[in-house]
Amino acid sequence: MRFMFERRRRAMAACVLALGLMSTSKLYADGLSVRAESLRLEVGGFTDDPGTSGSGLLRGAVSAKGGSGDLEYALGMRFDVLTQFGGRDFNRARGDYTENYLRWRGDDLRLTIGTQNIMWGRVDEISPIDRMSRADLTRAVLDKLPERRRAVPALRAEHFGEDYKLDAVLLPAFDDAVMPHRDSVWHPVDVRRGRIFGIGTFPALVGVRVREADNDSSGGGGLRFTREADGMDYGLSIQRVRQSQPYYKLMGGTLQAVHPYSTTVGAEFETERGGATWRMEAAWTSDVPLTTRRFGYRTAPGYDVVIGAELFPGDGETRLTLQLAAHRVMTDAAVLDRTEVYALTGEIEHPFALGRWRADLRFVAGLGTRDFYLNPRLTYTGIDQHEIFVAAHLFSGAEQTLGGFYERNDSVSVGWQASF
């Protein structure tokens, strides 16, 4: 079996920077903790015909953490081995950075330099305020949102008041989303059938060349204020960042990936009422990329609103999460993209057999336009720190939707994972 190992230049630069800073600060092994973070193995088969019969995943992460006085540090890396077989075969091994930083802690101030996990926002699955993090698109939506986000190179200052927090982030180097292999059935561009996720199917795109973007620039930055008030928490944020997920525009017979800058102004809210935790996010974005019917590229402002609730019906152990999401782009131009999207997302989680088993159901259902994604999962949790699971991923929908684009990718998988 032949594997291709890919390393990111920015990952190495971040690790070298962090190690250099630690050496300069004479942070030796005070309180050093080295451990394996996680390990996961999964194998699945497709029940329909996406052009291949199955796929596999091996994933793991290791880290080292320590500190001295007001200073602390972290070093970490991860590896992902993905395979696809039975047609459109590929094997790929890939290393990436996790958190590699040097942090100083004061009484009410925390300064961090290096690669960090930065996920702003409060809602699950669809967060319009989560613009800082780097998307992991290698398996589309098969994993939950936190598993689809990776660390970014950042300079971060956090000020903690008595009942508020001020968070300032600068992304000095832009690192784009982690993309699937070009032959993966989860890639957002399918040149075999001439399809682009969110746009549609066009015979002229069959066999077209796809080119990645030039990412030699900064990622932007942002400022977020959050406050804990009596009975409710709220926050305001402003970000000027590049979009981690690529958008593809047609340029001279080539689909060119672009990562446009946009300004996002967001508001968030959380409270507990009626036995449920209510969360809301709203965001206005200045430049949403669009494609005209003549394959021209343009941008327009847009807004997103997500309202969600988390509750435990009957005060039992079953956890229910529901979210209503709305997305709209404010343009009068004739475009190929969906300018209005409404969806209901959620998750039901129920432990049983004295907590040794857990049944889960994640779902996305389009409102107004047919779009379905269902992810039932049964997990055995009776072994400490280990989980053994069987899961299904089912898609259906109109052409421009998530369910429609991946409707041939219905699959069943079995796996094991451990967190240490």
# chains A, B, ... in the order shown; residues from 1 in each chain; ligands from 1
$ residues_around --residues "Val123 of chain A" --least-positions-apart "5" --cutoff "7 Å" --atoms "only C-alpha atoms" --output "VMD selection string"
chain A and resid 279 to 280 308
$ write_last_selection --atoms "all heavy atoms" --output "PDB file, in the first residue's frame"
ATOM      1  N   ARG A 279     -30.188  29.304  22.996  1.00  0.00           N
ATOM      2  CA  ARG A 279     -29.016  29.960  22.417  1.00  0.00           C
ATOM      3  C   ARG A 279     -29.392  30.596  21.080  1.00  0.00           C
ATOM      4  O   ARG A 279     -30.216  30.054  20.338  1.00  0.00           O
ATOM      5  CB  ARG A 279     -27.875  28.961  22.206  1.00  0.00           C
ATOM      6  CG  ARG A 279     -27.405  28.279  23.488  1.00  0.00           C
ATOM      7  CD  ARG A 279     -26.239  27.341  23.214  1.00  0.00           C
ATOM      8  NE  ARG A 279     -25.763  26.716  24.444  1.00  0.00           N
ATOM      9  CZ  ARG A 279     -26.138  25.522  24.870  1.00  0.00           C
ATOM     10  NH1 ARG A 279     -27.021  24.815  24.156  1.00  0.00           N
ATOM     11  NH2 ARG A 279     -25.660  25.025  25.992  1.00  0.00           N
ATOM     12  N   MET A 280     -28.780  31.721  20.788  1.00  0.00           N
ATOM     13  CA  MET A 280     -29.049  32.395  19.520  1.00  0.00           C
ATOM     14  C   MET A 280     -27.774  33.043  19.006  1.00  0.00           C
ATOM     15  O   MET A 280     -26.970  33.558  19.796  1.00  0.00           O
ATOM     16  CB  MET A 280     -30.129  33.464  19.684  1.00  0.00           C
ATOM     17  CG  MET A 280     -30.517  34.133  18.356  1.00  0.00           C
ATOM     18  SD  MET A 280     -31.485  35.648  18.586  1.00  0.00           S
ATOM     19  CE  MET A 280     -30.223  36.787  19.111  1.00  0.00           C
ATOM     20  N   GLY A 308     -31.530  28.131  18.873  1.00  0.00           N
ATOM     21  CA  GLY A 308     -31.506  26.736  19.292  1.00  0.00           C
ATOM     22  C   GLY A 308     -31.889  26.555  20.741  1.00  0.00           C
ATOM     23  O   GLY A 308     -31.852  27.491  21.544  1.00  0.00           O
TER      24      GLY A 308
END
$ select_by_dssp --residues "segment 48-240 of chain A" --states "helix (DSSP H, G or I)" --output "ChimeraX atom specification"
/A:145-148,203-205
$ write_last_selection --atoms "N, CA, C and O atoms" --output "PDB file, in the first residue's frame"
ATOM      1  N   LEU A 145     -19.420  19.129  14.699  1.00  0.00           N
ATOM      2  CA  LEU A 145     -18.758  20.395  14.385  1.00  0.00           C
ATOM      3  C   LEU A 145     -17.378  20.539  15.031  1.00  0.00           C
ATOM      4  O   LEU A 145     -16.426  20.904  14.324  1.00  0.00           O
ATOM      5  N   PRO A 146     -17.172  20.293  16.327  1.00  0.00           N
ATOM      6  CA  PRO A 146     -15.825  20.466  16.889  1.00  0.00           C
ATOM      7  C   PRO A 146     -14.764  19.607  16.213  1.00  0.00           C
ATOM      8  O   PRO A 146     -13.597  20.008  16.117  1.00  0.00           O
ATOM      9  N   GLU A 147     -15.148  18.428  15.720  1.00  0.00           N
ATOM     10  CA  GLU A 147     -14.206  17.559  15.024  1.00  0.00           C
ATOM     11  C   GLU A 147     -13.946  18.025  13.601  1.00  0.00           C
ATOM     12  O   GLU A 147     -13.003  17.541  12.954  1.00  0.00           O
ATOM     13  N   ARG A 148     -14.766  18.948  13.105  1.00  0.00           N
ATOM     14  CA  ARG A 148     -14.573  19.500  11.761  1.00  0.00           C
ATOM     15  C   ARG A 148     -13.857  20.853  11.811  1.00  0.00           C
ATOM     16  O   ARG A 148     -13.907  21.613  10.843  1.00  0.00           O
ATOM     17  N   PRO A 203     -22.701  20.219 -17.661  1.00  0.00           N
ATOM     18  CA  PRO A 203     -21.840  19.373 -18.489  1.00  0.00           C
ATOM     19  C   PRO A 203     -20.523  20.030 -18.867  1.00  0.00           C
ATOM     20  O   PRO A 203     -19.506  19.346 -19.033  1.00  0.00           O
ATOM     21  N   ALA A 204     -20.505  21.364 -18.966  1.00  0.00           N
ATOM     22  CA  ALA A 204     -19.280  22.062 -19.353  1.00  0.00           C
ATOM     23  C   ALA A 204     -18.178  21.932 -18.306  1.00  0.00           C
ATOM     24  O   ALA A 204     -17.000  22.191 -18.603  1.00  0.00           O
ATOM     25  N   LEU A 205     -18.541  21.512 -17.095  1.00  0.00           N
ATOM     26  CA  LEU A 205     -17.549  21.397 -16.025  1.00  0.00           C
ATOM     27  C   LEU A 205     -16.930  20.011 -15.937  1.00  0.00           C
ATOM     28  O   LEU A 205     -16.033  19.793 -15.119  1.00  0.00           O
TER      29      LEU A 205
END
$ residues_around --residues "Leu378 of chain A" --least-positions-apart "6" --cutoff "8 Å" --atoms "only C-alpha atoms" --output "JSON list (two decimals) with N, CA and C atoms, in the first residue's frame"
[["chain", "number", "residue", "atom", "x", "y", "z"],
["A", 357, "TRP", "N", -24.38, 1.86, 27.10],
["A", 357, "TRP", "CA", -24.71, 2.06, 25.69],
["A", 357, "TRP", "C", -25.27, 3.48, 25.50],
["A", 358, "ARG", "N", -25.10, 4.00, 24.28],
["A", 358, "ARG", "CA", -25.65, 5.31, 23.95],
["A", 358, "ARG", "C", -26.17, 5.29, 22.52],
["A", 359, "ALA", "N", -27.40, 5.76, 22.36],
["A", 359, "ALA", "CA", -28.00, 5.89, 21.03],
["A", 359, "ALA", "C", -28.06, 7.36, 20.66],
["A", 360, "ASP", "N", -27.62, 7.69, 19.46],
["A", 360, "ASP", "CA", -27.60, 9.08, 18.99],
["A", 360, "ASP", "C", -28.28, 9.17, 17.64],
["A", 389, "PHE", "N", -18.52, 1.65, 18.03],
["A", 389, "PHE", "CA", -19.76, 2.18, 17.48],
["A", 389, "PHE", "C", -20.05, 1.63, 16.10],
["A", 390, "VAL", "N", -21.34, 1.69, 15.75],
["A", 390, "VAL", "CA", -21.81, 1.46, 14.38],
["A", 390, "VAL", "C", -22.69, 2.64, 14.02],
["A", 391, "ALA", "N", -22.50, 3.16, 12.82],
["A", 391, "ALA", "CA", -23.20, 4.39, 12.43],
["A", 391, "ALA", "C", -23.62, 4.32, 10.97]]
$ select_by_dssp --residues "segment 193-356 of chain A" --states "strand (DSSP E or B)" --output "ChimeraX atom specification"
/A:195-196,200-201,209-211,220-229,232-242,247-251,254-258,261-273,276-292,297-311,319-329,335,340-352
$ residues_around --residues "Asp107 of chain A" --least-positions-apart "5" --cutoff "12 Å" --atoms "only C-alpha atoms" --output "ChimeraX atom specification"
/A:70,158-162
$ write_last_selection --atoms "C-alpha atoms" --output "mmCIF file, in the first residue's frame"
data_model
loop_
_atom_site.group_PDB
_atom_site.id
_atom_site.type_symbol
_atom_site.label_atom_id
_atom_site.label_comp_id
_atom_site.auth_asym_id
_atom_site.auth_seq_id
_atom_site.Cartn_x
_atom_site.Cartn_y
_atom_site.Cartn_z
ATOM 1 C CA ASP A 70 3.179 32.514 34.671
ATOM 2 C CA GLU A 158 -7.868 37.718 26.433
ATOM 3 C CA HIS A 159 -8.872 40.174 29.165
ATOM 4 C CA PHE A 160 -11.088 38.821 31.972
ATOM 5 C CA GLY A 161 -13.227 41.313 33.894
ATOM 6 C CA GLU A 162 -15.481 40.621 36.838
#
$ closest_atom_pairs --of "segment 76-170 of chain A" --to "segment 335-353 of chain A" --cutoff "9 Å" --atoms "only C-alpha atoms" --output "Markdown table"
| residue | atom | partner | partner_atom | distance |
| --- | --- | --- | --- | --- |
| A:Asp124 | CA | A:Gly346 | CA | 8.4 |
| A:Glu125 | CA | A:Thr345 | CA | 7.6 |
| A:Ile126 | CA | A:Thr345 | CA | 8.5 |
$ residues_around --residues "Ser38 of chain A" --least-positions-apart "5" --cutoff "7 Å" --atoms "only C-alpha atoms" --output "list of chain:residue names"
A:Gly60, A:Ala61, A:Ala418, A:Ser419, A:Phe420
$ write_last_selection --atoms "N, CA, C and O atoms" --output "compact mmCIF listing (two decimals), in the first residue's frame"
# COMPACT_ATOMS: atom_id res chain seq x y z
N GLY A 60 -5.17 9.98 14.84
CA GLY A 60 -4.63 10.06 16.19
C GLY A 60 -3.98 11.40 16.46
O GLY A 60 -3.68 12.16 15.52
N ALA A 61 -3.76 11.71 17.73
CA ALA A 61 -3.14 12.97 18.12
C ALA A 61 -2.34 12.77 19.38
O ALA A 61 -2.72 12.00 20.27
N ALA A 418 -10.74 6.07 21.15
CA ALA A 418 -10.31 6.17 22.54
C ALA A 418 -9.81 7.58 22.79
O ALA A 418 -9.15 8.19 21.94
N SER A 419 -10.15 8.12 23.95
CA SER A 419 -9.65 9.42 24.41
C SER A 419 -8.88 9.20 25.69
O SER A 419 -9.40 8.55 26.62
N PHE A 420 -7.67 9.76 25.75
CA PHE A 420 -6.80 9.47 26.90
C PHE A 420 -6.57 10.73 27.74
O PHE A 420 -6.78 11.83 27.30
